[in-house]
file data34.cif (mmCIF, C-alpha atoms)
data_coords
loop_
_atom_site.label_atom_id
_atom_site.label_comp_id
_atom_site.auth_asym_id
_atom_site.auth_seq_id
_atom_site.Cartn_x
_atom_site.Cartn_y
_atom_site.Cartn_z
CA MET A 158 0.00 0.00 0.00
CA THR A 159 1.03 3.57 -0.58
CA VAL A 160 0.43 6.59 1.58
CA ALA A 161 -2.48 8.85 0.64
CA THR A 162 -1.20 12.29 -0.37
CA GLY A 163 -3.68 13.63 -2.95
CA THR A 164 -6.85 15.60 -2.49
CA ALA A 165 -9.19 13.18 -4.30
CA ARG A 166 -12.07 11.93 -2.17
CA THR A 167 -11.29 8.64 -0.51
CA PHE A 168 -13.41 6.30 1.56
CA SER A 169 -12.86 4.39 4.80
CA VAL A 170 -13.31 0.65 5.21
CA GLY A 171 -16.67 1.30 6.90
CA GLU A 172 -17.89 3.58 4.13
CA VAL A 173 -16.93 1.09 1.42
CA ALA A 174 -18.56 -1.71 3.41
CA ALA A 175 -21.81 0.25 3.75
CA ASP A 176 -21.82 1.29 0.08
CA SER A 177 -21.15 -2.23 -1.17
CA GLY A 178 -23.34 -4.13 1.28
CA VAL A 179 -20.59 -6.24 2.86
CA ALA A 180 -18.97 -6.42 6.27
CA PRO A 181 -15.79 -4.41 6.90
CA SER A 182 -13.89 -7.70 7.11
CA ALA A 183 -14.99 -8.46 3.53
CA VAL A 184 -13.56 -5.12 2.37
CA ARG A 185 -10.21 -6.08 3.89
CA PHE A 186 -10.52 -9.58 2.35
CA TYR A 187 -11.04 -8.15 -1.15
CA GLU A 188 -8.13 -5.77 -0.60
CA ASN A 189 -5.85 -8.60 0.54
CA HIS A 190 -6.72 -10.55 -2.61
CA GLY A 191 -6.14 -7.65 -5.04
CA VAL A 192 -9.76 -7.00 -6.00
CA ILE A 193 -9.58 -3.46 -4.59
CA ASN A 194 -6.64 -1.28 -3.61
CA ALA A 195 -6.12 0.95 -0.61
CA VAL A 196 -3.72 3.68 0.28
CA ARG A 197 -2.66 4.45 3.84
CA THR A 198 -3.10 7.76 5.57
CA ALA A 199 -0.40 9.26 7.76
CA GLY A 200 -2.37 7.68 10.65
CA ASN A 201 -2.08 4.25 8.90
CA GLN A 202 -5.79 4.02 8.05
CA ARG A 203 -6.87 2.34 4.83
CA ARG A 204 -8.51 4.67 2.30
CA PHE A 205 -10.17 3.52 -0.93
CA ASP A 206 -11.04 5.31 -4.14
CA GLY A 207 -14.57 5.78 -5.42
CA SER A 208 -14.56 2.59 -7.50
CA ALA A 209 -14.01 0.24 -4.53
CA ALA A 210 -17.69 -0.30 -3.69
CA CYS A 211 -18.58 -0.96 -7.33
CA ARG A 212 -15.67 -3.37 -7.70
CA ILE A 213 -16.88 -5.29 -4.64
CA GLN A 214 -20.43 -5.45 -5.98
CA VAL A 215 -19.17 -6.75 -9.33
CA ALA A 216 -16.90 -9.20 -7.49
CA LYS A 217 -19.88 -10.55 -5.54
CA LEU A 218 -21.75 -11.04 -8.83
CA ALA A 219 -18.76 -12.80 -10.35
CA GLN A 220 -18.43 -15.04 -7.29
CA ARG A 221 -22.09 -16.04 -7.59
CA ALA A 222 -21.32 -16.93 -11.21
CA GLY A 223 -18.56 -19.25 -10.00
CA LEU A 224 -15.38 -17.20 -10.36
CA SER A 225 -12.75 -17.38 -7.65
CA VAL A 226 -11.38 -14.25 -6.00
CA ARG A 227 -8.10 -14.81 -7.85
CA GLU A 228 -9.95 -14.90 -11.18
CA ILE A 229 -11.85 -11.74 -10.25
CA ALA A 230 -8.64 -9.91 -9.34
CA ALA A 231 -7.24 -10.90 -12.75
CA LEU A 232 -10.44 -9.67 -14.40
CA PHE A 233 -9.96 -6.27 -12.74
CA ALA A 234 -6.19 -6.09 -13.29
CA ASP A 235 -6.41 -3.88 -16.39
CA LEU A 236 -8.96 -1.44 -14.96
CA SER A 237 -7.82 2.10 -14.32
CA ALA A 238 -8.18 3.61 -10.85
CA ASP A 239 -11.41 5.29 -12.00
CA PRO A 240 -12.84 2.88 -14.59
CA THR A 241 -14.69 4.37 -17.54
CA PRO A 242 -18.00 2.97 -18.80
CA ASP A 243 -16.07 1.37 -21.67
CA GLU A 244 -13.73 -0.37 -19.22
CA TRP A 245 -16.69 -1.72 -17.24
CA ALA A 246 -18.26 -2.85 -20.53
CA GLY A 247 -15.05 -4.80 -21.25
CA VAL A 248 -15.25 -6.44 -17.82
CA ALA A 249 -18.92 -7.27 -18.45
CA HIS A 250 -18.06 -8.84 -21.81
CA ARG A 251 -15.26 -10.97 -20.33
CA LEU A 252 -17.49 -11.99 -17.43
CA VAL A 253 -20.37 -12.98 -19.72
CA THR A 254 -17.98 -14.96 -21.92
CA GLU A 255 -16.59 -16.81 -18.88
CA VAL A 256 -20.06 -17.56 -17.49
CA GLU A 257 -21.28 -18.83 -20.87
CA GLU A 258 -18.29 -21.17 -21.08
CA ARG A 259 -18.91 -22.46 -17.56
CA LEU A 260 -22.59 -22.93 -18.38
CA ARG A 261 -21.71 -25.00 -21.46
CA ASP A 262 -19.41 -27.15 -19.34
CA LEU A 263 -22.08 -27.59 -16.67
CA LYS A 264 -24.70 -28.55 -19.26
CA ALA A 265 -22.30 -31.14 -20.70
CA GLN A 266 -21.72 -32.57 -17.21
CA LEU A 267 -25.47 -32.64 -16.56
CA ALA A 268 -26.11 -34.45 -19.84
CA ALA A 269 -23.42 -36.99 -18.96
CA MET A 270 -24.98 -37.58 -15.53
CA GLU A 271 -28.44 -38.01 -17.08
CA SER A 272 -27.14 -40.41 -19.75
CA GLY A 273 -27.37 -43.48 -17.55
CA THR A 274 -23.62 -43.95 -17.56
CA ARG A 275 -22.18 -44.94 -14.19
CA LEU A 276 -21.00 -41.82 -12.38
CA CYS A 277 -17.56 -43.27 -11.72
CA GLU A 278 -17.15 -43.76 -15.49
CA ILE A 279 -18.13 -40.15 -16.15
CA GLY A 280 -15.52 -38.97 -13.66
CA ARG A 281 -12.90 -41.23 -15.20
CA ASN A 282 -13.56 -39.83 -18.69
CA ASP A 283 -13.64 -36.19 -17.60
CA PRO A 284 -11.07 -34.26 -19.67
CA ALA A 285 -10.59 -31.81 -16.77
CA ARG A 286 -9.13 -34.63 -14.67
#
call {"tool": "encode", "arguments": {"input": "data34.cif", "output": "structure tokens"}}
result
Amino acid sequence: MTVATGTARTFSVGEVAADSGVAPSAVRFYENHGVINAVRTAGNQRRFDGSAACRIQVAKLAQRAGLSVREIAALFADLSADPTPDEWAGVAHRLVTEVEERLRDLKAQLAAMESGTRLCEIGRNDPAR
């Protein structure tokens, strides 16, 4: 973390938690995993930029879609500190593409399970093994 020196509005852990609908511990969790970034004040308090709450809300959506926190951090890696609508559209496109791929895989697994084949055989023939 760096030390906050600018005059741009920043937000405390509690403010980000309230804005994003998560507990303060979740804000720190997302920070520790690179989903959001904080700077430190001279008093060693974490301060977040205005995109932190939105990033957490998108991260929660991505988690519900099956992405890990590591995958979400990678998804956000190219975002600027204050993402533009076009940047968020790029994230949305990549997220939709990932979810569609996972959905195809899940449908294939469901079809295999409904096929009458013994489950242990399906697991043995799984290319992801």
call {"tool": "residues_around", "arguments": {"input": "data34.cif", "residues": "A:Gln214", "least_positions_apart": "2", "cutoff": "12 Å", "atoms": "only C-alpha atoms", "output": "PDB file with C-alpha atoms, keeping the file's coordinate frame"}}
result
ATOM      1  CA  VAL A 173     -16.930   1.090   1.420  1.00  0.00           C
ATOM      2  CA  ALA A 174     -18.560  -1.710   3.410  1.00  0.00           C
ATOM      3  CA  ALA A 175     -21.810   0.250   3.750  1.00  0.00           C
ATOM      4  CA  ASP A 176     -21.820   1.290   0.080  1.00  0.00           C
ATOM      5  CA  SER A 177     -21.150  -2.230  -1.170  1.00  0.00           C
ATOM      6  CA  GLY A 178     -23.340  -4.130   1.280  1.00  0.00           C
ATOM      7  CA  VAL A 179     -20.590  -6.240   2.860  1.00  0.00           C
ATOM      8  CA  ALA A 183     -14.990  -8.460   3.530  1.00  0.00           C
ATOM      9  CA  VAL A 184     -13.560  -5.120   2.370  1.00  0.00           C
ATOM     10  CA  TYR A 187     -11.040  -8.150  -1.150  1.00  0.00           C
ATOM     11  CA  VAL A 192      -9.760  -7.000  -6.000  1.00  0.00           C
ATOM     12  CA  ILE A 193      -9.580  -3.460  -4.590  1.00  0.00           C
ATOM     13  CA  SER A 208     -14.560   2.590  -7.500  1.00  0.00           C
ATOM     14  CA  ALA A 209     -14.010   0.240  -4.530  1.00  0.00           C
ATOM     15  CA  ALA A 210     -17.690  -0.300  -3.690  1.00  0.00           C
ATOM     16  CA  CYS A 211     -18.580  -0.960  -7.330  1.00  0.00           C
ATOM     17  CA  ARG A 212     -15.670  -3.370  -7.700  1.00  0.00           C
ATOM     18  CA  ALA A 216     -16.900  -9.200  -7.490  1.00  0.00           C
ATOM     19  CA  LYS A 217     -19.880 -10.550  -5.540  1.00  0.00           C
ATOM     20  CA  LEU A 218     -21.750 -11.040  -8.830  1.00  0.00           C
ATOM     21  CA  ALA A 219     -18.760 -12.800 -10.350  1.00  0.00           C
ATOM     22  CA  GLN A 220     -18.430 -15.040  -7.290  1.00  0.00           C
ATOM     23  CA  ARG A 221     -22.090 -16.040  -7.590  1.00  0.00           C
ATOM     24  CA  ILE A 229     -11.850 -11.740 -10.250  1.00  0.00           C
TER      25      ILE A 229
END
call {"tool": "resolve_selection", "arguments": {"input": "data34.cif", "expression": "the PyMOL selection byres ((chain A and resi 239-246) around 10)", "output": "list in words"}}
result
Asp206, Gly207, Ser208, Ala209, Arg212, Val215, Phe233, Asp235, Leu236, Ser237, Ala238, Gly247, Val248, Ala249, His250, Arg251 and Leu252 of chain A
call {"tool": "write_last_selection", "arguments": {"input": "data34.cif", "atoms": "C-alpha atoms", "output": "mmCIF file, in the coordinates of the input"}}
result
data_model
loop_
_atom_site.group_PDB
_atom_site.id
_atom_site.type_symbol
_atom_site.label_atom_id
_atom_site.label_comp_id
_atom_site.auth_asym_id
_atom_site.auth_seq_id
_atom_site.Cartn_x
_atom_site.Cartn_y
_atom_site.Cartn_z
ATOM 1 C CA ASP A 206 -11.040 5.310 -4.140
ATOM 2 C CA GLY A 207 -14.570 5.780 -5.420
ATOM 3 C CA SER A 208 -14.560 2.590 -7.500
ATOM 4 C CA ALA A 209 -14.010 0.240 -4.530
ATOM 5 C CA ARG A 212 -15.670 -3.370 -7.700
ATOM 6 C CA VAL A 215 -19.170 -6.750 -9.330
ATOM 7 C CA PHE A 233 -9.960 -6.270 -12.740
ATOM 8 C CA ASP A 235 -6.410 -3.880 -16.390
ATOM 9 C CA LEU A 236 -8.960 -1.440 -14.960
ATOM 10 C CA SER A 237 -7.820 2.100 -14.320
ATOM 11 C CA ALA A 238 -8.180 3.610 -10.850
ATOM 12 C CA GLY A 247 -15.050 -4.800 -21.250
ATOM 13 C CA VAL A 248 -15.250 -6.440 -17.820
ATOM 14 C CA ALA A 249 -18.920 -7.270 -18.450
ATOM 15 C CA HIS A 250 -18.060 -8.840 -21.810
ATOM 16 C CA ARG A 251 -15.260 -10.970 -20.330
ATOM 17 C CA LEU A 252 -17.490 -11.990 -17.430
#
call {"tool": "atom_distance", "arguments": {"input": "data34.cif", "atom1": "atom CA of A:Ser272", "atom2": "atom CA of A:Val256"}}
result
24.0 Å
call {"tool": "closest_residue", "arguments": {"input": "data34.cif", "among": "A:Gln266, A:Asn194, A:Ser225, A:Ser169", "to": "A:Gly280", "atoms": "all atoms listed in the file"}}
result
A:Gln266
call {"tool": "resolve_selection", "arguments": {"input": "data34.cif", "expression": "the PyMOL selection byres ((chain A and resi 203) around 9)", "output": "list of chain:residue names"}}
result
A:Met158, A:Ala161, A:Phe168, A:Ser169, A:Val170, A:Ala195, A:Val196, A:Arg197, A:Thr198, A:Asn201, A:Gln202, A:Arg204, A:Phe205
call {"tool": "closest_residue", "arguments": {"input": "data34.cif", "among": "A:Ala180, A:Thr167, A:Gly191, A:Ile279", "to": "A:Arg227", "atoms": "only C-alpha atoms"}}
result
A:Gly191
call {"tool": "decode", "arguments": {"input": "data34.cif", "residues": "stretch 199-228 of chain A", "atoms": "N, CA and C atoms", "output": "PDB file, in the first residue's frame"}}
result
ATOM      1  N   ALA A 199      -1.520   9.073   6.838  1.00  0.00           N
ATOM      2  CA  ALA A 199      -0.402   9.262   7.761  1.00  0.00           C
ATOM      3  C   ALA A 199      -0.684   8.543   9.082  1.00  0.00           C
ATOM      4  N   GLY A 200      -1.972   8.402   9.439  1.00  0.00           N
ATOM      5  CA  GLY A 200      -2.368   7.675  10.654  1.00  0.00           C
ATOM      6  C   GLY A 200      -2.521   6.183  10.431  1.00  0.00           C
ATOM      7  N   ASN A 201      -2.082   5.670   9.255  1.00  0.00           N
ATOM      8  CA  ASN A 201      -2.084   4.252   8.901  1.00  0.00           C
ATOM      9  C   ASN A 201      -3.486   3.673   8.696  1.00  0.00           C
ATOM     10  N   GLN A 202      -4.447   4.511   8.360  1.00  0.00           N
ATOM     11  CA  GLN A 202      -5.789   4.020   8.049  1.00  0.00           C
ATOM     12  C   GLN A 202      -5.889   3.725   6.556  1.00  0.00           C
ATOM     13  N   ARG A 203      -6.626   2.669   6.235  1.00  0.00           N
ATOM     14  CA  ARG A 203      -6.873   2.342   4.828  1.00  0.00           C
ATOM     15  C   ARG A 203      -7.854   3.353   4.248  1.00  0.00           C
ATOM     16  N   ARG A 204      -7.592   3.796   3.020  1.00  0.00           N
ATOM     17  CA  ARG A 204      -8.510   4.669   2.298  1.00  0.00           C
ATOM     18  C   ARG A 204      -8.637   4.124   0.881  1.00  0.00           C
ATOM     19  N   PHE A 205      -9.867   4.104   0.374  1.00  0.00           N
ATOM     20  CA  PHE A 205     -10.167   3.524  -0.926  1.00  0.00           C
ATOM     21  C   PHE A 205     -10.706   4.582  -1.870  1.00  0.00           C
ATOM     22  N   ASP A 206     -10.494   4.369  -3.162  1.00  0.00           N
ATOM     23  CA  ASP A 206     -11.037   5.307  -4.140  1.00  0.00           C
ATOM     24  C   ASP A 206     -12.520   5.032  -4.378  1.00  0.00           C
ATOM     25  N   GLY A 207     -13.131   5.863  -5.186  1.00  0.00           N
ATOM     26  CA  GLY A 207     -14.568   5.781  -5.417  1.00  0.00           C
ATOM     27  C   GLY A 207     -15.038   4.537  -6.143  1.00  0.00           C
ATOM     28  N   SER A 208     -14.131   3.799  -6.766  1.00  0.00           N
ATOM     29  CA  SER A 208     -14.556   2.594  -7.496  1.00  0.00           C
ATOM     30  C   SER A 208     -14.597   1.346  -6.612  1.00  0.00           C
ATOM     31  N   ALA A 209     -14.131   1.436  -5.377  1.00  0.00           N
ATOM     32  CA  ALA A 209     -14.012   0.244  -4.535  1.00  0.00           C
ATOM     33  C   ALA A 209     -15.351  -0.449  -4.297  1.00  0.00           C
ATOM     34  N   ALA A 210     -16.386   0.318  -3.964  1.00  0.00           N
ATOM     35  CA  ALA A 210     -17.688  -0.301  -3.688  1.00  0.00           C
ATOM     36  C   ALA A 210     -18.239  -0.985  -4.934  1.00  0.00           C
ATOM     37  N   CYS A 211     -18.106  -0.346  -6.080  1.00  0.00           N
ATOM     38  CA  CYS A 211     -18.583  -0.959  -7.326  1.00  0.00           C
ATOM     39  C   CYS A 211     -17.799  -2.227  -7.633  1.00  0.00           C
ATOM     40  N   ARG A 212     -16.489  -2.181  -7.454  1.00  0.00           N
ATOM     41  CA  ARG A 212     -15.671  -3.369  -7.704  1.00  0.00           C
ATOM     42  C   ARG A 212     -16.117  -4.530  -6.810  1.00  0.00           C
ATOM     43  N   ILE A 213     -16.420  -4.235  -5.550  1.00  0.00           N
ATOM     44  CA  ILE A 213     -16.876  -5.289  -4.644  1.00  0.00           C
ATOM     45  C   ILE A 213     -18.218  -5.841  -5.100  1.00  0.00           C
ATOM     46  N   GLN A 214     -19.116  -4.970  -5.513  1.00  0.00           N
ATOM     47  CA  GLN A 214     -20.427  -5.449  -5.981  1.00  0.00           C
ATOM     48  C   GLN A 214     -20.278  -6.323  -7.223  1.00  0.00           C
ATOM     49  N   VAL A 215     -19.417  -5.934  -8.141  1.00  0.00           N
ATOM     50  CA  VAL A 215     -19.166  -6.752  -9.334  1.00  0.00           C
ATOM     51  C   VAL A 215     -18.478  -8.050  -8.930  1.00  0.00           C
ATOM     52  N   ALA A 216     -17.573  -7.985  -7.968  1.00  0.00           N
ATOM     53  CA  ALA A 216     -16.895  -9.197  -7.489  1.00  0.00           C
ATOM     54  C   ALA A 216     -17.899 -10.179  -6.890  1.00  0.00           C
ATOM     55  N   LYS A 217     -18.854  -9.667  -6.121  1.00  0.00           N
ATOM     56  CA  LYS A 217     -19.879 -10.547  -5.542  1.00  0.00           C
ATOM     57  C   LYS A 217     -20.692 -11.221  -6.646  1.00  0.00           C
ATOM     58  N   LEU A 218     -21.028 -10.471  -7.691  1.00  0.00           N
ATOM     59  CA  LEU A 218     -21.747 -11.037  -8.829  1.00  0.00           C
ATOM     60  C   LEU A 218     -20.912 -12.124  -9.504  1.00  0.00           C
ATOM     61  N   ALA A 219     -19.646 -11.827  -9.706  1.00  0.00           N
ATOM     62  CA  ALA A 219     -18.755 -12.797 -10.349  1.00  0.00           C
ATOM     63  C   ALA A 219     -18.583 -14.050  -9.492  1.00  0.00           C
ATOM     64  N   GLN A 220     -18.524 -13.878  -8.177  1.00  0.00           N
ATOM     65  CA  GLN A 220     -18.426 -15.040  -7.292  1.00  0.00           C
ATOM     66  C   GLN A 220     -19.681 -15.899  -7.394  1.00  0.00           C
ATOM     67  N   ARG A 221     -20.844 -15.265  -7.444  1.00  0.00           N
ATOM     68  CA  ARG A 221     -22.089 -16.036  -7.593  1.00  0.00           C
ATOM     69  C   ARG A 221     -22.100 -16.795  -8.916  1.00  0.00           C
ATOM     70  N   ALA A 222     -21.402 -16.268  -9.910  1.00  0.00           N
ATOM     71  CA  ALA A 222     -21.321 -16.931 -11.209  1.00  0.00           C
ATOM     72  C   ALA A 222     -20.246 -18.016 -11.225  1.00  0.00           C
ATOM     73  N   GLY A 223     -19.515 -18.164 -10.114  1.00  0.00           N
ATOM     74  CA  GLY A 223     -18.564 -19.250  -9.996  1.00  0.00           C
ATOM     75  C   GLY A 223     -17.105 -18.864 -10.102  1.00  0.00           C
ATOM     76  N   LEU A 224     -16.775 -17.601 -10.266  1.00  0.00           N
ATOM     77  CA  LEU A 224     -15.381 -17.203 -10.359  1.00  0.00           C
ATOM     78  C   LEU A 224     -14.751 -17.138  -8.971  1.00  0.00           C
ATOM     79  N   SER A 225     -13.500 -17.479  -8.909  1.00  0.00           N
ATOM     80  CA  SER A 225     -12.749 -17.377  -7.655  1.00  0.00           C
ATOM     81  C   SER A 225     -12.282 -15.930  -7.475  1.00  0.00           C
ATOM     82  N   VAL A 226     -11.883 -15.599  -6.278  1.00  0.00           N
ATOM     83  CA  VAL A 226     -11.383 -14.249  -6.005  1.00  0.00           C
ATOM     84  C   VAL A 226     -10.134 -13.981  -6.839  1.00  0.00           C
ATOM     85  N   ARG A 227      -9.303 -14.967  -7.012  1.00  0.00           N
ATOM     86  CA  ARG A 227      -8.104 -14.805  -7.849  1.00  0.00           C
ATOM     87  C   ARG A 227      -8.491 -14.479  -9.296  1.00  0.00           C
ATOM     88  N   GLU A 228      -9.499 -15.180  -9.814  1.00  0.00           N
ATOM     89  CA  GLU A 228      -9.947 -14.900 -11.184  1.00  0.00           C
ATOM     90  C   GLU A 228     -10.547 -13.496 -11.287  1.00  0.00           C
TER      91      GLU A 228
END
